[in-house]
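Pasted below: protein.pdb, PDB, C-alpha atoms and all ligand atoms.
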```
MODEL        1
ATOM      1  CA  MET A  29       7.609 -14.147 -25.418
ATOM      2  CA  SER A  30       9.783 -11.024 -25.135
ATOM      3  CA  LEU A  31       9.173  -9.329 -21.837
ATOM      4  CA  THR A  32       9.078  -5.559 -21.368
ATOM      5  CA  LYS A  33      12.306  -4.600 -19.643
ATOM      6  CA  VAL A  34      11.529  -2.391 -16.696
ATOM      7  CA  GLU A  35      14.232   0.187 -16.022
ATOM      8  CA  ARG A  36      12.185   3.239 -15.137
ATOM      9  CA  VAL A  37       9.544   3.186 -12.423
ATOM     10  CA  ALA A  38       7.202   6.073 -11.605
ATOM     11  CA  VAL A  39       5.248   6.074  -8.358
ATOM     12  CA  ILE A  40       2.157   8.272  -8.074
ATOM     13  CA  GLY A  41       1.308   9.380  -4.537
ATOM     14  CA  ALA A  42       3.948  10.266  -1.938
ATOM     15  CA  GLY A  43       2.153   9.086   1.190
ATOM     16  CA  THR A  44       3.450   6.292   3.413
ATOM     17  CA  MET A  45       2.968   3.590   0.786
ATOM     18  CA  GLY A  46       4.128   5.600  -2.240
ATOM     19  CA  SER A  47       7.277   6.823  -0.519
ATOM     20  CA  GLY A  48       8.064   3.295   0.683
ATOM     21  CA  ILE A  49       7.590   1.888  -2.817
ATOM     22  CA  ALA A  50       9.748   4.649  -4.346
ATOM     23  CA  GLN A  51      12.438   3.951  -1.749
ATOM     24  CA  VAL A  52      12.536   0.213  -2.457
ATOM     25  CA  SER A  53      12.423   0.856  -6.201
ATOM     26  CA  ALA A  54      15.406   3.223  -5.978
ATOM     27  CA  THR A  55      17.472   1.049  -3.632
ATOM     28  CA  SER A  56      16.865  -1.852  -6.041
ATOM     29  CA  GLY A  57      18.436   0.117  -8.893
ATOM     30  CA  PHE A  58      15.391   1.259 -10.873
ATOM     31  CA  HIS A  59      15.417   4.857 -12.155
ATOM     32  CA  THR A  60      12.648   6.132  -9.915
ATOM     33  CA  THR A  61      10.311   9.103 -10.127
ATOM     34  CA  LEU A  62       7.937  10.049  -7.308
ATOM     35  CA  ILE A  63       4.968  12.255  -8.184
ATOM     36  CA  ASP A  64       2.364  13.893  -5.946
ATOM     37  CA  ILE A  65       0.049  16.869  -6.406
ATOM     38  CA  SER A  66       1.361  18.214  -3.094
ATOM     39  CA  ALA A  67       4.914  19.556  -2.902
ATOM     40  CA  GLU A  68       4.613  19.301   0.882
ATOM     41  CA  ALA A  69       3.901  15.568   0.646
ATOM     42  CA  LEU A  70       7.002  15.170  -1.512
ATOM     43  CA  THR A  71       9.127  16.942   1.094
ATOM     44  CA  ARG A  72       7.742  14.691   3.848
ATOM     45  CA  ALA A  73       8.375  11.634   1.674
ATOM     46  CA  LYS A  74      11.980  12.694   1.161
ATOM     47  CA  GLN A  75      12.453  12.958   4.921
ATOM     48  CA  SER A  76      10.926   9.577   5.647
ATOM     49  CA  ILE A  77      12.936   7.919   2.861
ATOM     50  CA  GLN A  78      16.105   9.449   4.288
ATOM     51  CA  GLN A  79      15.331   8.200   7.811
ATOM     52  CA  SER A  80      14.470   4.711   6.645
ATOM     53  CA  VAL A  81      17.455   4.407   4.306
ATOM     54  CA  GLU A  82      19.920   5.570   6.965
ATOM     55  CA  LYS A  83      18.471   3.034   9.412
ATOM     56  CA  LEU A  84      18.738   0.186   6.892
ATOM     57  CA  PHE A  85      22.255   1.281   5.882
ATOM     58  CA  SER A  86      23.421   1.468   9.510
ATOM     59  CA  LYS A  87      22.196  -2.122   9.988
ATOM     60  CA  GLY A  88      24.029  -3.298   6.850
ATOM     61  CA  LYS A  89      20.732  -4.180   5.127
ATOM     62  CA  ILE A  90      21.546  -2.024   2.082
ATOM     63  CA  ASP A  91      24.889  -0.997   0.579
ATOM     64  CA  GLU A  92      26.291   2.451  -0.225
ATOM     65  CA  THR A  93      25.103   2.358  -3.857
ATOM     66  CA  ALA A  94      21.528   1.568  -2.802
ATOM     67  CA  ARG A  95      21.711   4.300  -0.158
ATOM     68  CA  GLN A  96      22.891   6.869  -2.721
ATOM     69  CA  ASN A  97      20.258   5.756  -5.234
ATOM     70  CA  ALA A  98      17.523   6.487  -2.708
ATOM     71  CA  LEU A  99      19.003   9.676  -1.254
ATOM     72  CA  GLU A 100      20.116  11.331  -4.501
ATOM     73  CA  GLY A 101      18.538   9.386  -7.344
ATOM     74  CA  ILE A 102      14.791   9.806  -6.901
ATOM     75  CA  VAL A 103      13.362  12.436  -9.247
ATOM     76  CA  SER A 104      10.299  14.028  -7.714
ATOM     77  CA  GLY A 105       7.713  16.546  -8.829
ATOM     78  CA  THR A 106       4.078  17.549  -8.995
ATOM     79  CA  ASP A 107       3.582  17.096 -12.759
ATOM     80  CA  LEU A 108       2.007  13.784 -13.798
ATOM     81  CA  ALA A 109       3.802  14.090 -17.152
ATOM     82  CA  LEU A 110       6.999  13.088 -15.311
ATOM     83  CA  ALA A 111       5.662   9.523 -15.597
ATOM     84  CA  ALA A 112       5.707   9.610 -19.416
ATOM     85  CA  GLU A 113       9.026   7.774 -19.783
ATOM     86  CA  ALA A 114       8.332   5.090 -17.180
ATOM     87  CA  ASP A 115       8.171   1.400 -18.098
ATOM     88  CA  LEU A 116       6.100   0.729 -14.993
ATOM     89  CA  ILE A 117       3.830   3.212 -13.222
ATOM     90  CA  ILE A 118       2.700   2.280  -9.720
ATOM     91  CA  GLU A 119      -0.279   4.233  -8.423
ATOM     92  CA  ALA A 120      -0.444   4.671  -4.648
ATOM     93  CA  VAL A 121      -2.874   7.550  -4.114
ATOM     94  CA  THR A 122      -5.720   7.767  -1.601
ATOM     95  CA  GLU A 123      -8.104   4.813  -1.543
ATOM     96  CA  ASN A 124     -10.829   6.601  -3.495
ATOM     97  CA  LYS A 125     -12.342   4.884  -6.517
ATOM     98  CA  PRO A 126     -13.405   7.922  -8.629
ATOM     99  CA  LEU A 127      -9.964   9.468  -8.053
ATOM    100  CA  LYS A 128      -8.166   6.286  -9.109
ATOM    101  CA  LEU A 129     -10.386   5.818 -12.189
ATOM    102  CA  LYS A 130      -9.643   9.361 -13.340
ATOM    103  CA  LEU A 131      -5.936   8.904 -12.690
ATOM    104  CA  PHE A 132      -5.778   5.628 -14.631
ATOM    105  CA  ALA A 133      -7.416   7.298 -17.645
ATOM    106  CA  GLU A 134      -4.867  10.144 -17.430
ATOM    107  CA  LEU A 135      -1.926   7.788 -17.014
ATOM    108  CA  ASP A 136      -3.107   5.712 -19.958
ATOM    109  CA  ALA A 137      -3.116   8.826 -22.127
ATOM    110  CA  LEU A 138       0.406   9.907 -21.220
ATOM    111  CA  ALA A 139       2.300   6.643 -20.612
ATOM    112  CA  LYS A 140       4.390   4.872 -23.254
ATOM    113  CA  PRO A 141       2.322   2.272 -25.170
ATOM    114  CA  SER A 142       4.489  -0.505 -23.711
ATOM    115  CA  ALA A 143       4.230   0.726 -20.109
ATOM    116  CA  LEU A 144       2.493  -1.309 -17.432
ATOM    117  CA  LEU A 145       0.091   0.432 -15.072
ATOM    118  CA  ALA A 146      -0.047  -0.986 -11.550
ATOM    119  CA  SER A 147      -2.155  -0.038  -8.571
ATOM    120  CA  ASN A 148      -1.235  -0.446  -4.925
ATOM    121  CA  THR A 149      -4.933  -0.413  -4.041
ATOM    122  CA  SER A 150      -5.873  -2.511  -1.031
ATOM    123  CA  SER A 151      -9.454  -3.164  -2.077
ATOM    124  CA  ILE A 152     -10.549  -1.513  -5.315
ATOM    125  CA  SER A 153     -11.207  -3.775  -8.306
ATOM    126  CA  ILE A 154      -8.221  -3.984 -10.661
ATOM    127  CA  THR A 155     -10.613  -4.939 -13.453
ATOM    128  CA  SER A 156     -12.493  -1.649 -13.043
ATOM    129  CA  LEU A 157      -9.242   0.379 -13.001
ATOM    130  CA  ALA A 158      -8.129  -1.489 -16.138
ATOM    131  CA  ALA A 159     -11.456  -0.659 -17.819
ATOM    132  CA  ALA A 160     -10.671   3.049 -17.418
ATOM    133  CA  THR A 161      -7.721   2.526 -19.804
ATOM    134  CA  LYS A 162      -7.233   1.343 -23.377
ATOM    135  CA  ARG A 163      -4.622  -1.163 -22.215
ATOM    136  CA  PRO A 164      -6.455  -3.454 -19.778
ATOM    137  CA  SER A 165      -4.069  -6.347 -20.449
ATOM    138  CA  GLN A 166      -1.223  -4.169 -19.098
ATOM    139  CA  VAL A 167      -2.928  -3.281 -15.808
ATOM    140  CA  ILE A 168      -2.184  -5.193 -12.607
ATOM    141  CA  GLY A 169      -2.463  -4.847  -8.829
ATOM    142  CA  MET A 170       0.841  -4.617  -6.966
ATOM    143  CA  HIS A 171      -0.233  -4.485  -3.340
ATOM    144  CA  PHE A 172       2.725  -3.687  -1.114
ATOM    145  CA  MET A 173       2.532  -3.942   2.681
ATOM    146  CA  ASN A 174       3.376  -1.261   5.220
ATOM    147  CA  PRO A 175       6.212  -0.627   6.098
ATOM    148  CA  VAL A 176       7.242  -1.331   2.512
ATOM    149  CA  PRO A 177      11.018  -1.449   3.122
ATOM    150  CA  LEU A 178      10.568  -4.188   5.759
ATOM    151  CA  MET A 179       7.656  -6.324   4.622
ATOM    152  CA  PRO A 180       8.580  -9.084   2.165
ATOM    153  CA  LEU A 181       5.182  -9.480   0.480
ATOM    154  CA  VAL A 182       3.686  -7.999  -2.653
ATOM    155  CA  GLU A 183       0.203  -9.310  -3.399
ATOM    156  CA  LEU A 184      -0.060  -9.435  -7.200
ATOM    157  CA  VAL A 185      -3.618  -9.040  -8.384
ATOM    158  CA  ARG A 186      -4.732 -10.157 -11.804
ATOM    159  CA  GLY A 187      -7.641  -8.246 -13.328
ATOM    160  CA  LEU A 188      -9.985 -10.003 -15.744
ATOM    161  CA  ASP A 189      -7.872  -8.962 -18.752
ATOM    162  CA  THR A 190      -4.390  -8.857 -17.184
ATOM    163  CA  SER A 191      -2.067 -10.713 -19.572
ATOM    164  CA  ALA A 192       0.363 -13.459 -18.655
ATOM    165  CA  GLU A 193       3.192 -11.197 -19.845
ATOM    166  CA  THR A 194       2.113  -8.415 -17.483
ATOM    167  CA  VAL A 195       2.092 -10.882 -14.580
ATOM    168  CA  ALA A 196       5.542 -12.182 -15.591
ATOM    169  CA  VAL A 197       6.994  -8.655 -15.766
ATOM    170  CA  ALA A 198       5.495  -7.679 -12.411
ATOM    171  CA  LEU A 199       6.851 -10.893 -10.847
ATOM    172  CA  GLU A 200      10.303 -10.040 -12.153
ATOM    173  CA  VAL A 201      10.101  -6.480 -10.770
ATOM    174  CA  CYS A 202       9.048  -7.809  -7.341
ATOM    175  CA  ARG A 203      11.954 -10.247  -7.397
ATOM    176  CA  ALA A 204      14.363  -7.417  -8.320
ATOM    177  CA  MET A 205      12.957  -5.400  -5.409
ATOM    178  CA  GLY A 206      13.716  -8.279  -3.045
ATOM    179  CA  LYS A 207      10.028  -9.020  -2.490
ATOM    180  CA  THR A 208       8.071 -12.243  -2.637
ATOM    181  CA  ALA A 209       5.045 -11.939  -4.889
ATOM    182  CA  LEU A 210       1.985 -14.058  -4.240
ATOM    183  CA  GLU A 211      -0.888 -14.038  -6.690
ATOM    184  CA  ALA A 212      -4.500 -13.297  -5.931
ATOM    185  CA  ASN A 213      -7.467 -12.970  -8.221
ATOM    186  CA  ASP A 214      -9.447  -9.750  -8.406
ATOM    187  CA  SER A 215     -11.979 -10.141  -5.608
ATOM    188  CA  PRO A 216     -12.895  -7.533  -2.951
ATOM    189  CA  GLY A 217     -10.020  -7.201  -0.454
ATOM    190  CA  PHE A 218      -8.001  -9.774  -2.445
ATOM    191  CA  ILE A 219      -6.485 -12.306   0.000
ATOM    192  CA  SER A 220      -4.783  -9.975   2.484
ATOM    193  CA  ASN A 221      -7.638  -7.705   3.482
ATOM    194  CA  ARG A 222     -10.341 -10.346   3.064
ATOM    195  CA  ILE A 223      -8.683 -12.035   6.035
ATOM    196  CA  LEU A 224      -7.020  -9.168   7.933
ATOM    197  CA  MET A 225      -9.919  -6.695   8.060
ATOM    198  CA  PRO A 226     -12.515  -9.057   9.587
ATOM    199  CA  MET A 227      -9.957  -9.820  12.327
ATOM    200  CA  ILE A 228      -9.378  -6.117  13.001
ATOM    201  CA  ASN A 229     -13.131  -5.430  12.878
ATOM    202  CA  GLU A 230     -13.816  -8.244  15.361
ATOM    203  CA  ALA A 231     -11.168  -6.831  17.718
ATOM    204  CA  ILE A 232     -12.997  -3.477  17.593
ATOM    205  CA  PHE A 233     -16.318  -5.219  18.348
ATOM    206  CA  CYS A 234     -14.602  -6.894  21.334
ATOM    207  CA  LEU A 235     -13.464  -3.491  22.570
ATOM    208  CA  MET A 236     -16.893  -1.884  22.001
ATOM    209  CA  GLU A 237     -18.686  -4.705  23.799
ATOM    210  CA  GLY A 238     -16.275  -4.615  26.727
ATOM    211  CA  VAL A 239     -14.931  -8.122  26.170
ATOM    212  CA  GLY A 240     -11.494  -6.730  27.002
ATOM    213  CA  THR A 241      -9.431  -3.562  27.133
ATOM    214  CA  ALA A 242      -7.400  -2.511  24.103
ATOM    215  CA  GLU A 243      -4.258  -3.687  25.878
ATOM    216  CA  ALA A 244      -5.783  -7.082  26.693
ATOM    217  CA  ILE A 245      -7.136  -7.595  23.156
ATOM    218  CA  ASP A 246      -3.797  -6.723  21.578
ATOM    219  CA  GLY A 247      -1.855  -8.620  24.233
ATOM    220  CA  VAL A 248      -3.827 -11.824  23.606
ATOM    221  CA  MET A 249      -3.016 -11.714  19.903
ATOM    222  CA  LYS A 250       0.645 -10.789  20.467
ATOM    223  CA  LEU A 251       1.467 -13.200  23.263
ATOM    224  CA  GLY A 252      -0.981 -15.933  22.393
ATOM    225  CA  MET A 253      -0.773 -15.925  18.615
ATOM    226  CA  ASN A 254       2.681 -14.439  18.096
ATOM    227  CA  HIS A 255       1.419 -11.520  15.999
ATOM    228  CA  PRO A 256       4.039  -8.734  15.923
ATOM    229  CA  MET A 257       1.328  -6.158  16.700
ATOM    230  CA  GLY A 258      -2.127  -6.557  18.182
ATOM    231  CA  PRO A 259      -5.060  -5.903  15.808
ATOM    232  CA  LEU A 260      -5.970  -2.543  17.383
ATOM    233  CA  ALA A 261      -2.384  -1.265  17.208
ATOM    234  CA  LEU A 262      -2.239  -2.556  13.635
ATOM    235  CA  ALA A 263      -5.473  -0.713  12.783
ATOM    236  CA  ASP A 264      -3.920   2.501  14.144
ATOM    237  CA  PHE A 265      -0.807   1.788  12.066
ATOM    238  CA  ILE A 266      -2.779   1.188   8.841
ATOM    239  CA  GLY A 267      -5.154   4.116   9.505
ATOM    240  CA  LEU A 268      -8.700   3.750  10.831
ATOM    241  CA  ASP A 269     -10.051   5.628   7.804
ATOM    242  CA  VAL A 270      -8.339   3.113   5.524
ATOM    243  CA  CYS A 271      -9.670   0.156   7.556
ATOM    244  CA  LEU A 272     -13.199   1.569   7.343
ATOM    245  CA  ALA A 273     -12.911   2.164   3.587
ATOM    246  CA  ILE A 274     -11.757  -1.430   3.010
ATOM    247  CA  LEU A 275     -14.503  -2.868   5.220
ATOM    248  CA  GLU A 276     -17.101  -0.809   3.321
ATOM    249  CA  VAL A 277     -15.885  -2.372   0.060
ATOM    250  CA  LEU A 278     -15.978  -5.906   1.540
ATOM    251  CA  HIS A 279     -19.435  -5.296   2.992
ATOM    252  CA  SER A 280     -21.029  -3.720  -0.063
ATOM    253  CA  GLU A 281     -19.419  -5.963  -2.695
ATOM    254  CA  LEU A 282     -19.611  -9.314  -0.898
ATOM    255  CA  GLY A 283     -22.926  -8.399   0.697
ATOM    256  CA  GLU A 284     -22.497 -10.373   3.894
ATOM    257  CA  ASP A 285     -23.177  -9.141   7.432
ATOM    258  CA  LYS A 286     -19.894 -10.541   8.666
ATOM    259  CA  TYR A 287     -18.113  -7.621   6.985
ATOM    260  CA  ARG A 288     -20.317  -4.936   8.629
ATOM    261  CA  PRO A 289     -17.937  -2.239   9.934
ATOM    262  CA  CYS A 290     -18.073  -1.948  13.724
ATOM    263  CA  PRO A 291     -20.016   1.179  14.844
ATOM    264  CA  LEU A 292     -17.098   2.143  17.106
ATOM    265  CA  LEU A 293     -14.813   2.238  14.056
ATOM    266  CA  ARG A 294     -17.303   4.488  12.257
ATOM    267  CA  LYS A 295     -17.527   6.756  15.285
ATOM    268  CA  MET A 296     -13.772   7.082  15.621
ATOM    269  CA  VAL A 297     -13.341   7.902  11.950
ATOM    270  CA  ALA A 298     -16.166  10.470  12.211
ATOM    271  CA  ALA A 299     -14.291  12.071  15.125
ATOM    272  CA  GLY A 300     -11.119  12.316  13.056
ATOM    273  CA  TYR A 301      -9.294   9.679  15.099
ATOM    274  CA  TYR A 302      -7.463   7.977  12.251
ATOM    275  CA  GLY A 303      -4.735   6.318  14.314
ATOM    276  CA  ARG A 304      -1.017   7.070  14.253
ATOM    277  CA  LYS A 305      -1.217   9.670  11.510
ATOM    278  CA  THR A 306      -3.508  11.932  13.565
ATOM    279  CA  GLY A 307      -1.902  11.074  16.921
ATOM    280  CA  ARG A 308      -5.033   9.356  18.212
ATOM    281  CA  GLY A 309      -6.735   6.071  17.510
ATOM    282  CA  PHE A 310      -7.139   3.178  19.917
ATOM    283  CA  TYR A 311      -3.929   4.522  21.468
ATOM    284  CA  THR A 312      -2.375   7.981  21.562
ATOM    285  CA  TYR A 313       0.875   8.822  19.820
ATOM    286  CA  THR A 314       3.261  11.669  20.398
ATOM    287  CA  THR A 315       5.465  11.246  17.288
TER     288      THR A 315
HETATM  289  N1  LIG B   1      12.359   1.571   7.513
HETATM  290  C1  LIG B   1      13.439   1.131   8.183
HETATM  291  N2  LIG B   1      13.397   0.659   9.427
HETATM  292  C2  LIG B   1      12.191   0.629  10.042
HETATM  293  C3  LIG B   1      11.008   1.065   9.404
HETATM  294  C4  LIG B   1      11.142   1.558   8.079
HETATM  295  N3  LIG B   1      10.080   2.014   7.393
HETATM  296  N4  LIG B   1       9.966   0.913  10.263
HETATM  297  C5  LIG B   1      10.460   0.382  11.391
HETATM  298  N5  LIG B   1      11.806   0.212  11.262
HETATM  299  C6  LIG B   1      12.730  -0.310  12.234
HETATM  300  C7  LIG B   1      12.621   0.441  13.546
HETATM  301  O1  LIG B   1      13.327   1.659  13.488
HETATM  302  C8  LIG B   1      13.240  -0.531  14.513
HETATM  303  O2  LIG B   1      14.646  -0.430  14.437
HETATM  304  P1  LIG B   1      15.526  -0.588  15.783
HETATM  305  O3  LIG B   1      15.186  -1.939  16.344
HETATM  306  O4  LIG B   1      16.930  -0.483  15.292
HETATM  307  O5  LIG B   1      15.116   0.548  16.672
HETATM  308  C9  LIG B   1      12.846  -1.900  13.932
HETATM  309  O6  LIG B   1      12.403  -1.646  12.580
HETATM  310  C10 LIG B   1      11.731  -2.528  14.704
HETATM  311  O7  LIG B   1      10.684  -1.596  14.845
HETATM  312  P2  LIG B   1       9.911  -1.302  16.183
HETATM  313  O8  LIG B   1      10.855  -1.421  17.342
HETATM  314  O9  LIG B   1       9.181  -0.029  15.992
HETATM  315  O10 LIG B   1       8.791  -2.387  16.333
HETATM  316  P3  LIG B   1       8.594  -3.866  15.829
HETATM  317  O11 LIG B   1       9.718  -4.746  16.257
HETATM  318  O12 LIG B   1       7.213  -4.206  16.246
HETATM  319  O13 LIG B   1       8.619  -3.808  14.235
HETATM  320  C11 LIG B   1       7.055  -3.699  12.456
HETATM  321  C12 LIG B   1       7.802  -2.927  13.523
HETATM  322  C13 LIG B   1       8.048  -4.227  11.417
HETATM  323  C14 LIG B   1       6.132  -2.701  11.793
HETATM  324  C15 LIG B   1       6.305  -4.916  13.102
HETATM  325  O14 LIG B   1       5.578  -4.499  14.217
HETATM  326  C16 LIG B   1       5.341  -5.561  12.156
HETATM  327  O15 LIG B   1       5.746  -6.368  11.309
HETATM  328  N6  LIG B   1       4.041  -5.230  12.289
HETATM  329  C17 LIG B   1       2.988  -5.748  11.430
HETATM  330  C18 LIG B   1       2.958  -4.918  10.197
HETATM  331  C19 LIG B   1       1.897  -5.362   9.252
HETATM  332  O16 LIG B   1       1.078  -6.234   9.529
HETATM  333  N7  LIG B   1       1.878  -4.743   8.076
HETATM  334  C20 LIG B   1       0.866  -5.005   7.096
HETATM  335  C21 LIG B   1      -0.241  -4.040   7.294
HETATM  336  S1  LIG B   1      -1.529  -4.287   6.126
HETATM  337  C22 LIG B   1      -1.031  -3.434   4.790
HETATM  338  O17 LIG B   1      -0.036  -2.777   4.734
HETATM  339  C23 LIG B   1      -1.878  -3.524   3.589
HETATM  340  C24 LIG B   1      -3.251  -3.060   3.629
HETATM  341  O18 LIG B   1      -3.860  -3.131   2.595
HETATM  342  C25 LIG B   1      -3.950  -2.517   4.798
ENDMDL
END
```
As structure tokens - that is how I would like this structure written.
Ligand code: CAA
Amino acid sequence: MSLTKVERVAVIGAGTMGSGIAQVSATSGFHTTLIDISAEALTRAKQSIQQSVEKLFSKGKIDETARQNALEGIVSGTDLALAAEADLIIEAVTENKPLKLKLFAELDALAKPSALLASNTSSISITSLAAATKRPSQVIGMHFMNPVPLMPLVELVRGLDTSAETVAVALEVCRAMGKTALEANDSPGFISNRILMPMINEAIFCLMEGVGTAEAIDGVMKLGMNHPMGPLALADFIGLDVCLAILEVLHSELGEDKYRPCPLLRKMVAAGYYGRKTGRGFYTYTT
């Protein structure tokens, strides 16, 4: 079996996840392109990549070549056609199914026939994204974790038609990016969010029902279970809107009451309290 050699990576979506993926791709030596419809988002991504890279460089975690690759080497722009030469396109746009389906159809039309199309989705079916293309065997989930430069995991998700070659190429790319890939089948929430989101949701129920304060709930999980962050702080970090969207998918697709999003989570999202990114969630943030 001759594997597609991935040299050029295009990342679509310059939010937290997309910029982190582009950063790791560039520091790992891939020719990297970062595309977003918003020029402002690209400018913010550039700033966050710079901050992160300088921090990692100052700690000796990356060398000068990797630093330069990320600071100078990433091509960025607002035109999707910039992805046409990529061997691997990683989609990391908002968690919105119609948007992703449309994007996959567009990417399929402009990408090289040999290119793989990956999605960083945290809950949307890879099989349904693949069905929006004429190359379903070359579509795969590559679910990175936030913050991408620090977290070692990529959850690799096989759609119904994902080929063994596509999995092998994606595994090789993860290895080259210094990540450990673990495989999951295409099921709502995959492994990560099938387990993480019910824990976060239960923590929110505990808060709503007055079982404990936010500090006590998070403290119990940090000090008692050695989690680096409590579940409420983690929900703020991920984004309460994102948590709600994932829980909605788990609830509607698995059909069990145990995935019912907590009413307090719904209320906070309705109020625009999305967590760190809006400065207010279960905690308040000044930066
Ligand atoms: N790049 C480089 N350095 C970074 C960074 C980044 N993006 N983010 C944080 N750091 C650095 C900080 O600057 C800090 O450096 P100094 O010690 O030199 O100041 C260091 O990392 C530690 O950070 P903090 O002091 O802020 O706090 P911490 O020790 O708690 O570490 C953390 C931060 C790594 C995020 C840690 O809290 C953690 O691992 N949290 C859990 C994260 C997690 O669960 N992620 C998965 C979320 S789920 C997901 O992503 C998928 C989904 O589908 C929802």
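Look at Lys130 (chain A): the protein and nucleic acid residues within 12 Å of it, using all atoms listed in the file and passing over chain neighbours fewer than 3 places away, are Glu119, Val121, Asn124, Lys125, Pro126, Leu127, Ala133, Glu134, Leu135, Asp136, Ala137, Ser156, Leu157, Ala158, Ala159, Ala160 and Thr161 of chain A.
Ranking A:Ala242, A:Ile102, A:Val201, A:Ala73 by their shortest atom-to-atom distance to ligand LIG 1 (chain B), with only C-alpha atoms and all ligand atoms included, puts A:Ala73 first.
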To one decimal place in Å, what is the distance between CA of Ala263 (chain A) and CA of Ser153 (chain A)?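 Rounded to one decimal, the two atoms are 22.1 Å apart.
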Contacts to ligand LIG 1 (chain B) at 7 Å cut-off (only C-alpha atoms and all ligand atoms) as an MDAnalysis selection string: chainID A and resid 80:81 83:84 150 172:179 220:221 256:257 262 266 271
Apply the PyMOL selection byres (((chain A and resi 265) around 12) and not hetatm) to the file shown and report the selected residues as a PyMOL selection string. chain A and resi 44+173-175+228+257-264+266-271+301-313
Can you spit out the residues from that selection as a PDB file, in the coordinates of the input, using C-alpha atoms?
```pdb
ATOM      1  CA  THR A  44       3.450   6.292   3.413  1.00  0.00           C
ATOM      2  CA  MET A 173       2.532  -3.942   2.681  1.00  0.00           C
ATOM      3  CA  ASN A 174       3.376  -1.261   5.220  1.00  0.00           C
ATOM      4  CA  PRO A 175       6.212  -0.627   6.098  1.00  0.00           C
ATOM      5  CA  ILE A 228      -9.378  -6.117  13.001  1.00  0.00           C
ATOM      6  CA  MET A 257       1.328  -6.158  16.700  1.00  0.00           C
ATOM      7  CA  GLY A 258      -2.127  -6.557  18.182  1.00  0.00           C
ATOM      8  CA  PRO A 259      -5.060  -5.903  15.808  1.00  0.00           C
ATOM      9  CA  LEU A 260      -5.970  -2.543  17.383  1.00  0.00           C
ATOM     10  CA  ALA A 261      -2.384  -1.265  17.208  1.00  0.00           C
ATOM     11  CA  LEU A 262      -2.239  -2.556  13.635  1.00  0.00           C
ATOM     12  CA  ALA A 263      -5.473  -0.713  12.783  1.00  0.00           C
ATOM     13  CA  ASP A 264      -3.920   2.501  14.144  1.00  0.00           C
ATOM     14  CA  ILE A 266      -2.779   1.188   8.841  1.00  0.00           C
ATOM     15  CA  GLY A 267      -5.154   4.116   9.505  1.00  0.00           C
ATOM     16  CA  LEU A 268      -8.700   3.750  10.831  1.00  0.00           C
ATOM     17  CA  ASP A 269     -10.051   5.628   7.804  1.00  0.00           C
ATOM     18  CA  VAL A 270      -8.339   3.113   5.524  1.00  0.00           C
ATOM     19  CA  CYS A 271      -9.670   0.156   7.556  1.00  0.00           C
ATOM     20  CA  TYR A 301      -9.294   9.679  15.099  1.00  0.00           C
ATOM     21  CA  TYR A 302      -7.463   7.977  12.251  1.00  0.00           C
ATOM     22  CA  GLY A 303      -4.735   6.318  14.314  1.00  0.00           C
ATOM     23  CA  ARG A 304      -1.017   7.070  14.253  1.00  0.00           C
ATOM     24  CA  LYS A 305      -1.217   9.670  11.510  1.00  0.00           C
ATOM     25  CA  THR A 306      -3.508  11.932  13.565  1.00  0.00           C
ATOM     26  CA  GLY A 307      -1.902  11.074  16.921  1.00  0.00           C
ATOM     27  CA  ARG A 308      -5.033   9.356  18.212  1.00  0.00           C
ATOM     28  CA  GLY A 309      -6.735   6.071  17.510  1.00  0.00           C
ATOM     29  CA  PHE A 310      -7.139   3.178  19.917  1.00  0.00           C
ATOM     30  CA  TYR A 311      -3.929   4.522  21.468  1.00  0.00           C
ATOM     31  CA  THR A 312      -2.375   7.981  21.562  1.00  0.00           C
ATOM     32  CA  TYR A 313       0.875   8.822  19.820  1.00  0.00           C
TER      33      TYR A 313
END
```
Evaluate the PyMOL selection byres (((chain A and resi 286-291) around 12) and not hetatm) on the structure here and hand back the selected residues as JSON, numbers by chain. {"A": [216, 217, 221, 222, 223, 224, 225, 226, 227, 228, 229, 230, 231, 232, 233, 234, 235, 236, 237, 268, 269, 270, 271, 272, 273, 274, 275, 276, 277, 278, 279, 280, 281, 282, 283, 284, 285, 292, 293, 294, 295, 296, 297, 298]}
Residue IDs satisfying the PyMOL selection byres (((chain A and resi 106) around 12) and not hetatm), as a PyMOL selection string: chain A and resi 39-42+61-71+103-105+107-111
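Going from CA of Gln166 (chain A) over to CA of Gln51 (chain A), you cover 23.5 Å.
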Distance criterion (all atoms listed in the file): nearest to His59 (chain A) out of A:Gly206, A:Gly300, A:Gly240, A:Gly101: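 For His59 (chain A), the nearest of the given residues is A:Gly101.
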How many Å separate CA of Pro141 (chain A) from CA of Ala196 (chain A)?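 CA of Ala196 (chain A) lies 17.6 Å from CA of Pro141 (chain A).
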With distances taken over all atoms listed in the file, which residue among A:Ile245, A:Ile168, A:Ile154, A:Ala114 lies nearest Ala38 (chain A)?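 Smallest distance to Ala38 (chain A) is found for A:Ala114.
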When distances are computed from all atoms listed in the file, which of A:Thr60, A:Ile49, A:Gly252, A:Arg36 shows the smallest separation from Met170 (chain A)?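 The shortest atom-to-atom distance to Met170 (chain A) comes from A:Ile49.
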Given 4 Å on each side, where is the centre and what are the edge lengths in Å to one decimal of the axis-aligned box enclosing the listed atoms of region 121-138 of chain A, as lines of an AutoDock Vina configuration file?
```
center_x = -6.5
center_y = 7.5
center_z = -11.8
size_x = 21.8
size_y = 13.3
size_z = 28.6
```
Name the closest residue to Thr32 (chain A) among the candidates A:Val195, A:Leu138, A:Val185, A:Ala120; distances are taken between atoms, counting all atoms listed in the file.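 Ranking A:Val195, A:Leu138, A:Val185, A:Ala120 by distance to Thr32 (chain A), first place goes to A:Val195.
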